[in-house]
Amino acid sequence: MIMIGSDHGGYALRKELVEHLREQGYEVSETGSVNGESVDYPDVAKEVCAKVLSGEAEKALLICGTGIGISMAANKIRGIRAALCTDCYMAEFTRRHNNANVLCMGGRVTGPGTACKIADTFLTTEFEGGRHQRRIDKLE
Ligand code: RB5
């Protein structure tokens with residue numbers, strides 16, 4: 001299961017991504033802003049990251065206006081490696097090298113077409129392990 005959460009700033013992009021990922025065959029669960037109503041991004045990050053850490057969600061996507069606040073919030077949580085990505089290169093290498101388990105994007109920054117490609121790349125790219133695991137161990 002892929003968990004996706006957003007505040008109001010990421011609401012429209014979250015809806016696009018949910019539809020896209022379901023079309024790709026992913027099981028998607030969403031949370032956060034309802035109908036674009038204002039919510040606080042740290043609360044959304046906390047709820048979504050808990051699902052990743054419990055194993056209920058394999059990976060997660062977090063969206064706020066810029067992607068910055070929600071990635072800051074997610075990275076405060078031990079065991080979460082959240083990557084704010086604006087292109088597919090970042091999405092590919094944060095999986096290959098950082099074993100990122102949460103993808104963050106900005107709903108007011110990245111258009112829906114690019115965001116869907118970024119999400120696809122993130123969800124289909126494997127971690128390389130090896131020397132990169134040693135570095136992640138140091139992060140933890
Ligand atoms: C909400 O207006 C906005 O501050 C939030 O979505 C995000 O961009 C914070 O980093």
# chains A, B, ... in the order shown; residues from 1 in each chain; ligands from 1

call {"tool": "closest_atom_pairs", "arguments": {"of": "chain A", "to": "ligand 1", "cutoff": "7 Å", "atoms": "only C-alpha atoms and all ligand atoms", "output": "Markdown table"}}
result
| residue | atom | partner | partner_atom_place_in_ligand_line | distance |
| --- | --- | --- | --- | --- |
| A:Asp7 | CA | ligand 1 | 6 (O) | 5.9 |
| A:His8 | CA | ligand 1 | 6 (O) | 6.3 |
| A:Gly9 | CA | ligand 1 | 6 (O) | 4.1 |
| A:Gly10 | CA | ligand 1 | 6 (O) | 6.3 |
| A:Tyr41 | CA | ligand 1 | 5 (C) | 6.6 |
| A:Cys64 | CA | ligand 1 | 6 (O) | 3.9 |
| A:Gly65 | CA | ligand 1 | 8 (O) | 3.3 |
| A:Thr66 | CA | ligand 1 | 8 (O) | 4.0 |
| A:Gly67 | CA | ligand 1 | 10 (O) | 5.8 |
| A:Ile68 | CA | ligand 1 | 10 (O) | 4.6 |
| A:Gly69 | CA | ligand 1 | 10 (O) | 3.2 |
| A:Ile70 | CA | ligand 1 | 10 (O) | 5.9 |
| A:Gly106 | CA | ligand 1 | 8 (O) | 6.9 |

call {"tool": "closest_residue", "arguments": {"among": "A:Glu56, A:Ala119, A:Gly107, A:Ile80", "to": "A:Ile136", "atoms": "only C-alpha atoms"}}
result
A:Ile80

call {"tool": "residues_around", "arguments": {"residues": "stretch 86-95 of chain A", "least_positions_apart": "5", "cutoff": "12 Å", "atoms": "only C-alpha atoms", "output": "NGL selection string"}}
result
:A and (59 or 61 or 63 or 66-68 or 81 or 100-129 or 132-133 or 136)

call {"tool": "residues_around", "arguments": {"residues": "A:Lys51", "least_positions_apart": "2", "cutoff": "12 Å", "atoms": "only C-alpha atoms", "output": "list in words"}}
result
Met1, Ile2, Met3, Ile4, Gly5, Ser29, Glu30, Thr31, Val44, Ala45, Lys46, Glu47, Val48, Cys49, Leu53, Ser54, Gly55, Glu56, Ala57, Glu58, Lys59, Ala60, Leu61, Gly79, Ile80, Asn101 and Val102 of chain A

call {"tool": "write_last_selection", "arguments": {"atoms": "N, CA and C atoms", "output": "PDB file, in the first residue's frame"}}
result
ATOM      1  N   MET A   1       0.843  -1.192   0.000  1.00  0.00           N
ATOM      2  CA  MET A   1       0.000   0.000   0.000  1.00  0.00           C
ATOM      3  C   MET A   1       0.885   1.252   0.000  1.00  0.00           C
ATOM      4  N   ILE A   2       0.480   2.219  -0.788  1.00  0.00           N
ATOM      5  CA  ILE A   2       1.172   3.508  -0.838  1.00  0.00           C
ATOM      6  C   ILE A   2       0.291   4.529  -0.124  1.00  0.00           C
ATOM      7  N   MET A   3       0.876   5.206   0.847  1.00  0.00           N
ATOM      8  CA  MET A   3       0.136   6.229   1.607  1.00  0.00           C
ATOM      9  C   MET A   3       0.470   7.585   1.011  1.00  0.00           C
ATOM     10  N   ILE A   4      -0.525   8.425   0.847  1.00  0.00           N
ATOM     11  CA  ILE A   4      -0.268   9.768   0.338  1.00  0.00           C
ATOM     12  C   ILE A   4      -1.025  10.775   1.186  1.00  0.00           C
ATOM     13  N   GLY A   5      -0.298  11.797   1.647  1.00  0.00           N
ATOM     14  CA  GLY A   5      -0.916  12.811   2.493  1.00  0.00           C
ATOM     15  C   GLY A   5      -0.518  14.200   2.037  1.00  0.00           C
ATOM     16  N   SER A  29      -3.783   4.838  -0.232  1.00  0.00           N
ATOM     17  CA  SER A  29      -4.602   5.344   0.866  1.00  0.00           C
ATOM     18  C   SER A  29      -4.226   6.806   1.078  1.00  0.00           C
ATOM     19  N   GLU A  30      -5.201   7.690   1.229  1.00  0.00           N
ATOM     20  CA  GLU A  30      -4.877   9.116   1.332  1.00  0.00           C
ATOM     21  C   GLU A  30      -5.400   9.730   2.616  1.00  0.00           C
ATOM     22  N   THR A  31      -4.703  10.799   3.046  1.00  0.00           N
ATOM     23  CA  THR A  31      -5.104  11.498   4.255  1.00  0.00           C
ATOM     24  C   THR A  31      -4.668  12.964   4.153  1.00  0.00           C
ATOM     25  N   VAL A  44       0.108  16.000   9.267  1.00  0.00           N
ATOM     26  CA  VAL A  44      -0.046  15.055   8.146  1.00  0.00           C
ATOM     27  C   VAL A  44       1.207  14.180   8.032  1.00  0.00           C
ATOM     28  N   ALA A  45       2.366  14.811   8.144  1.00  0.00           N
ATOM     29  CA  ALA A  45       3.623  14.054   8.053  1.00  0.00           C
ATOM     30  C   ALA A  45       3.690  12.985   9.144  1.00  0.00           C
ATOM     31  N   LYS A  46       3.303  13.356  10.356  1.00  0.00           N
ATOM     32  CA  LYS A  46       3.360  12.414  11.484  1.00  0.00           C
ATOM     33  C   LYS A  46       2.459  11.203  11.242  1.00  0.00           C
ATOM     34  N   GLU A  47       1.249  11.459  10.789  1.00  0.00           N
ATOM     35  CA  GLU A  47       0.292  10.367  10.539  1.00  0.00           C
ATOM     36  C   GLU A  47       0.781   9.441   9.427  1.00  0.00           C
ATOM     37  N   VAL A  48       1.261  10.041   8.354  1.00  0.00           N
ATOM     38  CA  VAL A  48       1.686   9.242   7.198  1.00  0.00           C
ATOM     39  C   VAL A  48       2.957   8.452   7.518  1.00  0.00           C
ATOM     40  N   CYS A  49       3.902   9.081   8.170  1.00  0.00           N
ATOM     41  CA  CYS A  49       5.172   8.400   8.476  1.00  0.00           C
ATOM     42  C   CYS A  49       4.952   7.238   9.446  1.00  0.00           C
ATOM     43  N   LEU A  53       6.452   3.431   9.111  1.00  0.00           N
ATOM     44  CA  LEU A  53       7.261   2.784  10.142  1.00  0.00           C
ATOM     45  C   LEU A  53       6.606   1.506  10.658  1.00  0.00           C
ATOM     46  N   SER A  54       5.283   1.464  10.659  1.00  0.00           N
ATOM     47  CA  SER A  54       4.577   0.252  11.119  1.00  0.00           C
ATOM     48  C   SER A  54       4.584  -0.841  10.053  1.00  0.00           C
ATOM     49  N   GLY A  55       4.926  -0.458   8.813  1.00  0.00           N
ATOM     50  CA  GLY A  55       4.929  -1.426   7.721  1.00  0.00           C
ATOM     51  C   GLY A  55       3.592  -1.508   6.997  1.00  0.00           C
ATOM     52  N   GLU A  56       2.619  -0.751   7.496  1.00  0.00           N
ATOM     53  CA  GLU A  56       1.299  -0.748   6.845  1.00  0.00           C
ATOM     54  C   GLU A  56       1.388  -0.183   5.428  1.00  0.00           C
ATOM     55  N   ALA A  57       2.225   0.831   5.281  1.00  0.00           N
ATOM     56  CA  ALA A  57       2.498   1.399   3.947  1.00  0.00           C
ATOM     57  C   ALA A  57       3.919   1.034   3.551  1.00  0.00           C
ATOM     58  N   GLU A  58       4.072   0.627   2.299  1.00  0.00           N
ATOM     59  CA  GLU A  58       5.411   0.276   1.798  1.00  0.00           C
ATOM     60  C   GLU A  58       6.257   1.535   1.633  1.00  0.00           C
ATOM     61  N   LYS A  59       5.632   2.556   1.065  1.00  0.00           N
ATOM     62  CA  LYS A  59       6.272   3.865   0.885  1.00  0.00           C
ATOM     63  C   LYS A  59       5.175   4.913   0.983  1.00  0.00           C
ATOM     64  N   ALA A  60       5.605   6.194   1.036  1.00  0.00           N
ATOM     65  CA  ALA A  60       4.598   7.249   1.144  1.00  0.00           C
ATOM     66  C   ALA A  60       4.996   8.465   0.326  1.00  0.00           C
ATOM     67  N   LEU A  61       3.986   9.240  -0.005  1.00  0.00           N
ATOM     68  CA  LEU A  61       4.176  10.526  -0.679  1.00  0.00           C
ATOM     69  C   LEU A  61       3.582  11.604   0.211  1.00  0.00           C
ATOM     70  N   GLY A  79      13.957   6.912  11.358  1.00  0.00           N
ATOM     71  CA  GLY A  79      13.591   5.817  10.455  1.00  0.00           C
ATOM     72  C   GLY A  79      12.984   6.303   9.152  1.00  0.00           C
ATOM     73  N   ILE A  80      12.648   7.596   9.128  1.00  0.00           N
ATOM     74  CA  ILE A  80      12.104   8.161   7.889  1.00  0.00           C
ATOM     75  C   ILE A  80      13.220   8.844   7.121  1.00  0.00           C
ATOM     76  N   ASN A 101      12.286   6.481   1.848  1.00  0.00           N
ATOM     77  CA  ASN A 101      11.005   5.778   1.984  1.00  0.00           C
ATOM     78  C   ASN A 101       9.811   6.727   1.880  1.00  0.00           C
ATOM     79  N   VAL A 102      10.091   8.024   1.779  1.00  0.00           N
ATOM     80  CA  VAL A 102       9.025   9.008   1.602  1.00  0.00           C
ATOM     81  C   VAL A 102       9.439  10.000   0.519  1.00  0.00           C
TER      82      VAL A 102
END

call {"tool": "select_by_dssp", "arguments": {"residues": "stretch 27-63 of chain A", "states": "helix (DSSP H, G or I)", "output": "PyMOL selection string"}}
result
chain A and resi 41-54

call {"tool": "atom_distance", "arguments": {"atom1": "atom CA of A:Pro42", "atom2": "atom CA of A:Ala74"}}
result
7.6 Å

call {"tool": "atom_distance", "arguments": {"atom1": "atom CA of A:Gly36", "atom2": "atom CA of A:Leu21"}}
result
19.9 Å

call {"tool": "atom_distance", "arguments": {"atom1": "atom CA of A:Val39", "atom2": "atom CA of A:Tyr11"}}
result
10.3 Å

call {"tool": "residues_around", "arguments": {"residues": "A:Arg131", "least_positions_apart": "4", "cutoff": "12 Å", "atoms": "only C-alpha atoms", "output": "PyMOL selection string"}}
result
chain A and resi 96-99+127+135-138

call {"tool": "select_by_dssp", "arguments": {"residues": "stretch 36-122 of chain A", "states": "strand (DSSP E or B)", "output": "PDB file with all heavy atoms, in the first residue's frame"}}
result
ATOM      1  N   LYS A  59       5.632   2.556   1.065  1.00  0.00           N
ATOM      2  CA  LYS A  59       6.272   3.865   0.885  1.00  0.00           C
ATOM      3  C   LYS A  59       5.175   4.913   0.983  1.00  0.00           C
ATOM      4  O   LYS A  59       3.988   4.582   0.982  1.00  0.00           O
ATOM      5  CB  LYS A  59       6.953   3.976  -0.481  1.00  0.00           C
ATOM      6  CG  LYS A  59       8.164   3.094  -0.658  1.00  0.00           C
ATOM      7  CD  LYS A  59       8.952   3.476  -1.899  1.00  0.00           C
ATOM      8  CE  LYS A  59      10.089   2.494  -2.134  1.00  0.00           C
ATOM      9  NZ  LYS A  59       9.605   1.195  -2.657  1.00  0.00           N
ATOM     10  N   ALA A  60       5.605   6.194   1.036  1.00  0.00           N
ATOM     11  CA  ALA A  60       4.598   7.249   1.144  1.00  0.00           C
ATOM     12  C   ALA A  60       4.996   8.465   0.326  1.00  0.00           C
ATOM     13  O   ALA A  60       6.180   8.684   0.024  1.00  0.00           O
ATOM     14  CB  ALA A  60       4.403   7.647   2.600  1.00  0.00           C
ATOM     15  N   LEU A  61       3.986   9.240  -0.005  1.00  0.00           N
ATOM     16  CA  LEU A  61       4.176  10.526  -0.679  1.00  0.00           C
ATOM     17  C   LEU A  61       3.582  11.604   0.211  1.00  0.00           C
ATOM     18  O   LEU A  61       2.482  11.419   0.750  1.00  0.00           O
ATOM     19  CB  LEU A  61       3.438  10.556  -2.031  1.00  0.00           C
ATOM     20  CG  LEU A  61       4.129   9.941  -3.256  1.00  0.00           C
ATOM     21  CD1 LEU A  61       4.373   8.461  -3.073  1.00  0.00           C
ATOM     22  CD2 LEU A  61       3.270  10.175  -4.493  1.00  0.00           C
ATOM     23  N   LEU A  62       4.301  12.702   0.356  1.00  0.00           N
ATOM     24  CA  LEU A  62       3.825  13.837   1.149  1.00  0.00           C
ATOM     25  C   LEU A  62       3.905  15.101   0.306  1.00  0.00           C
ATOM     26  O   LEU A  62       4.944  15.384  -0.310  1.00  0.00           O
ATOM     27  CB  LEU A  62       4.686  14.006   2.406  1.00  0.00           C
ATOM     28  CG  LEU A  62       4.479  12.977   3.518  1.00  0.00           C
ATOM     29  CD1 LEU A  62       5.530  13.168   4.614  1.00  0.00           C
ATOM     30  CD2 LEU A  62       3.068  13.070   4.104  1.00  0.00           C
ATOM     31  N   ILE A  63       2.833  15.851   0.299  1.00  0.00           N
ATOM     32  CA  ILE A  63       2.752  17.041  -0.541  1.00  0.00           C
ATOM     33  C   ILE A  63       2.310  18.225   0.307  1.00  0.00           C
ATOM     34  O   ILE A  63       1.295  18.143   1.008  1.00  0.00           O
ATOM     35  CB  ILE A  63       1.696  16.873  -1.674  1.00  0.00           C
ATOM     36  CG1 ILE A  63       1.663  15.450  -2.235  1.00  0.00           C
ATOM     37  CG2 ILE A  63       1.905  17.918  -2.764  1.00  0.00           C
ATOM     38  CD1 ILE A  63       2.824  15.038  -3.042  1.00  0.00           C
ATOM     39  N   CYS A  64       3.058  19.331   0.239  1.00  0.00           N
ATOM     40  CA  CYS A  64       2.561  20.605   0.774  1.00  0.00           C
ATOM     41  C   CYS A  64       2.760  21.639  -0.335  1.00  0.00           C
ATOM     42  O   CYS A  64       2.963  21.263  -1.495  1.00  0.00           O
ATOM     43  CB  CYS A  64       3.238  20.977   2.091  1.00  0.00           C
ATOM     44  SG  CYS A  64       4.988  21.389   1.998  1.00  0.00           S
ATOM     45  N   ALA A  82      13.037  11.097   4.042  1.00  0.00           N
ATOM     46  CA  ALA A  82      12.129  11.795   3.132  1.00  0.00           C
ATOM     47  C   ALA A  82      12.940  12.638   2.160  1.00  0.00           C
ATOM     48  O   ALA A  82      13.850  13.366   2.566  1.00  0.00           O
ATOM     49  CB  ALA A  82      11.174  12.684   3.926  1.00  0.00           C
ATOM     50  N   ALA A  83      12.602  12.537   0.885  1.00  0.00           N
ATOM     51  CA  ALA A  83      13.342  13.252  -0.154  1.00  0.00           C
ATOM     52  C   ALA A  83      12.406  14.192  -0.915  1.00  0.00           C
ATOM     53  O   ALA A  83      11.398  13.752  -1.478  1.00  0.00           O
ATOM     54  CB  ALA A  83      13.966  12.250  -1.122  1.00  0.00           C
ATOM     55  N   LEU A  84      12.770  15.453  -0.901  1.00  0.00           N
ATOM     56  CA  LEU A  84      12.030  16.452  -1.684  1.00  0.00           C
ATOM     57  C   LEU A  84      12.586  16.436  -3.104  1.00  0.00           C
ATOM     58  O   LEU A  84      13.755  16.740  -3.316  1.00  0.00           O
ATOM     59  CB  LEU A  84      12.198  17.834  -1.049  1.00  0.00           C
ATOM     60  CG  LEU A  84      11.644  19.032  -1.820  1.00  0.00           C
ATOM     61  CD1 LEU A  84      10.165  18.865  -2.125  1.00  0.00           C
ATOM     62  CD2 LEU A  84      11.891  20.310  -1.018  1.00  0.00           C
ATOM     63  N   VAL A 102      10.091   8.024   1.779  1.00  0.00           N
ATOM     64  CA  VAL A 102       9.025   9.008   1.602  1.00  0.00           C
ATOM     65  C   VAL A 102       9.439  10.000   0.519  1.00  0.00           C
ATOM     66  O   VAL A 102      10.545  10.556   0.568  1.00  0.00           O
ATOM     67  CB  VAL A 102       8.735   9.765   2.918  1.00  0.00           C
ATOM     68  CG1 VAL A 102       7.681  10.842   2.698  1.00  0.00           C
ATOM     69  CG2 VAL A 102       8.285   8.799   4.009  1.00  0.00           C
ATOM     70  N   LEU A 103       8.568  10.197  -0.435  1.00  0.00           N
ATOM     71  CA  LEU A 103       8.785  11.187  -1.500  1.00  0.00           C
ATOM     72  C   LEU A 103       7.973  12.439  -1.167  1.00  0.00           C
ATOM     73  O   LEU A 103       6.774  12.343  -0.899  1.00  0.00           O
ATOM     74  CB  LEU A 103       8.306  10.610  -2.836  1.00  0.00           C
ATOM     75  CG  LEU A 103       8.184  11.606  -4.017  1.00  0.00           C
ATOM     76  CD1 LEU A 103       9.551  12.167  -4.407  1.00  0.00           C
ATOM     77  CD2 LEU A 103       7.527  10.916  -5.218  1.00  0.00           C
ATOM     78  N   CYS A 104       8.631  13.590  -1.201  1.00  0.00           N
ATOM     79  CA  CYS A 104       7.933  14.855  -0.961  1.00  0.00           C
ATOM     80  C   CYS A 104       7.960  15.695  -2.230  1.00  0.00           C
ATOM     81  O   CYS A 104       8.960  15.723  -2.951  1.00  0.00           O
ATOM     82  CB  CYS A 104       8.604  15.638   0.165  1.00  0.00           C
ATOM     83  SG  CYS A 104       8.644  14.741   1.726  1.00  0.00           S
ATOM     84  N   MET A 105       6.863  16.368  -2.476  1.00  0.00           N
ATOM     85  CA  MET A 105       6.794  17.283  -3.621  1.00  0.00           C
ATOM     86  C   MET A 105       5.979  18.509  -3.227  1.00  0.00           C
ATOM     87  O   MET A 105       5.227  18.490  -2.253  1.00  0.00           O
ATOM     88  CB  MET A 105       6.171  16.594  -4.831  1.00  0.00           C
ATOM     89  CG  MET A 105       7.069  15.529  -5.430  1.00  0.00           C
ATOM     90  SD  MET A 105       6.473  14.854  -7.003  1.00  0.00           S
ATOM     91  CE  MET A 105       5.201  13.738  -6.421  1.00  0.00           C
ATOM     92  N   GLY A 106       6.143  19.564  -4.027  1.00  0.00           N
ATOM     93  CA  GLY A 106       5.428  20.807  -3.774  1.00  0.00           C
ATOM     94  C   GLY A 106       4.297  20.989  -4.765  1.00  0.00           C
ATOM     95  O   GLY A 106       4.513  21.064  -5.976  1.00  0.00           O
TER      96      GLY A 106
END
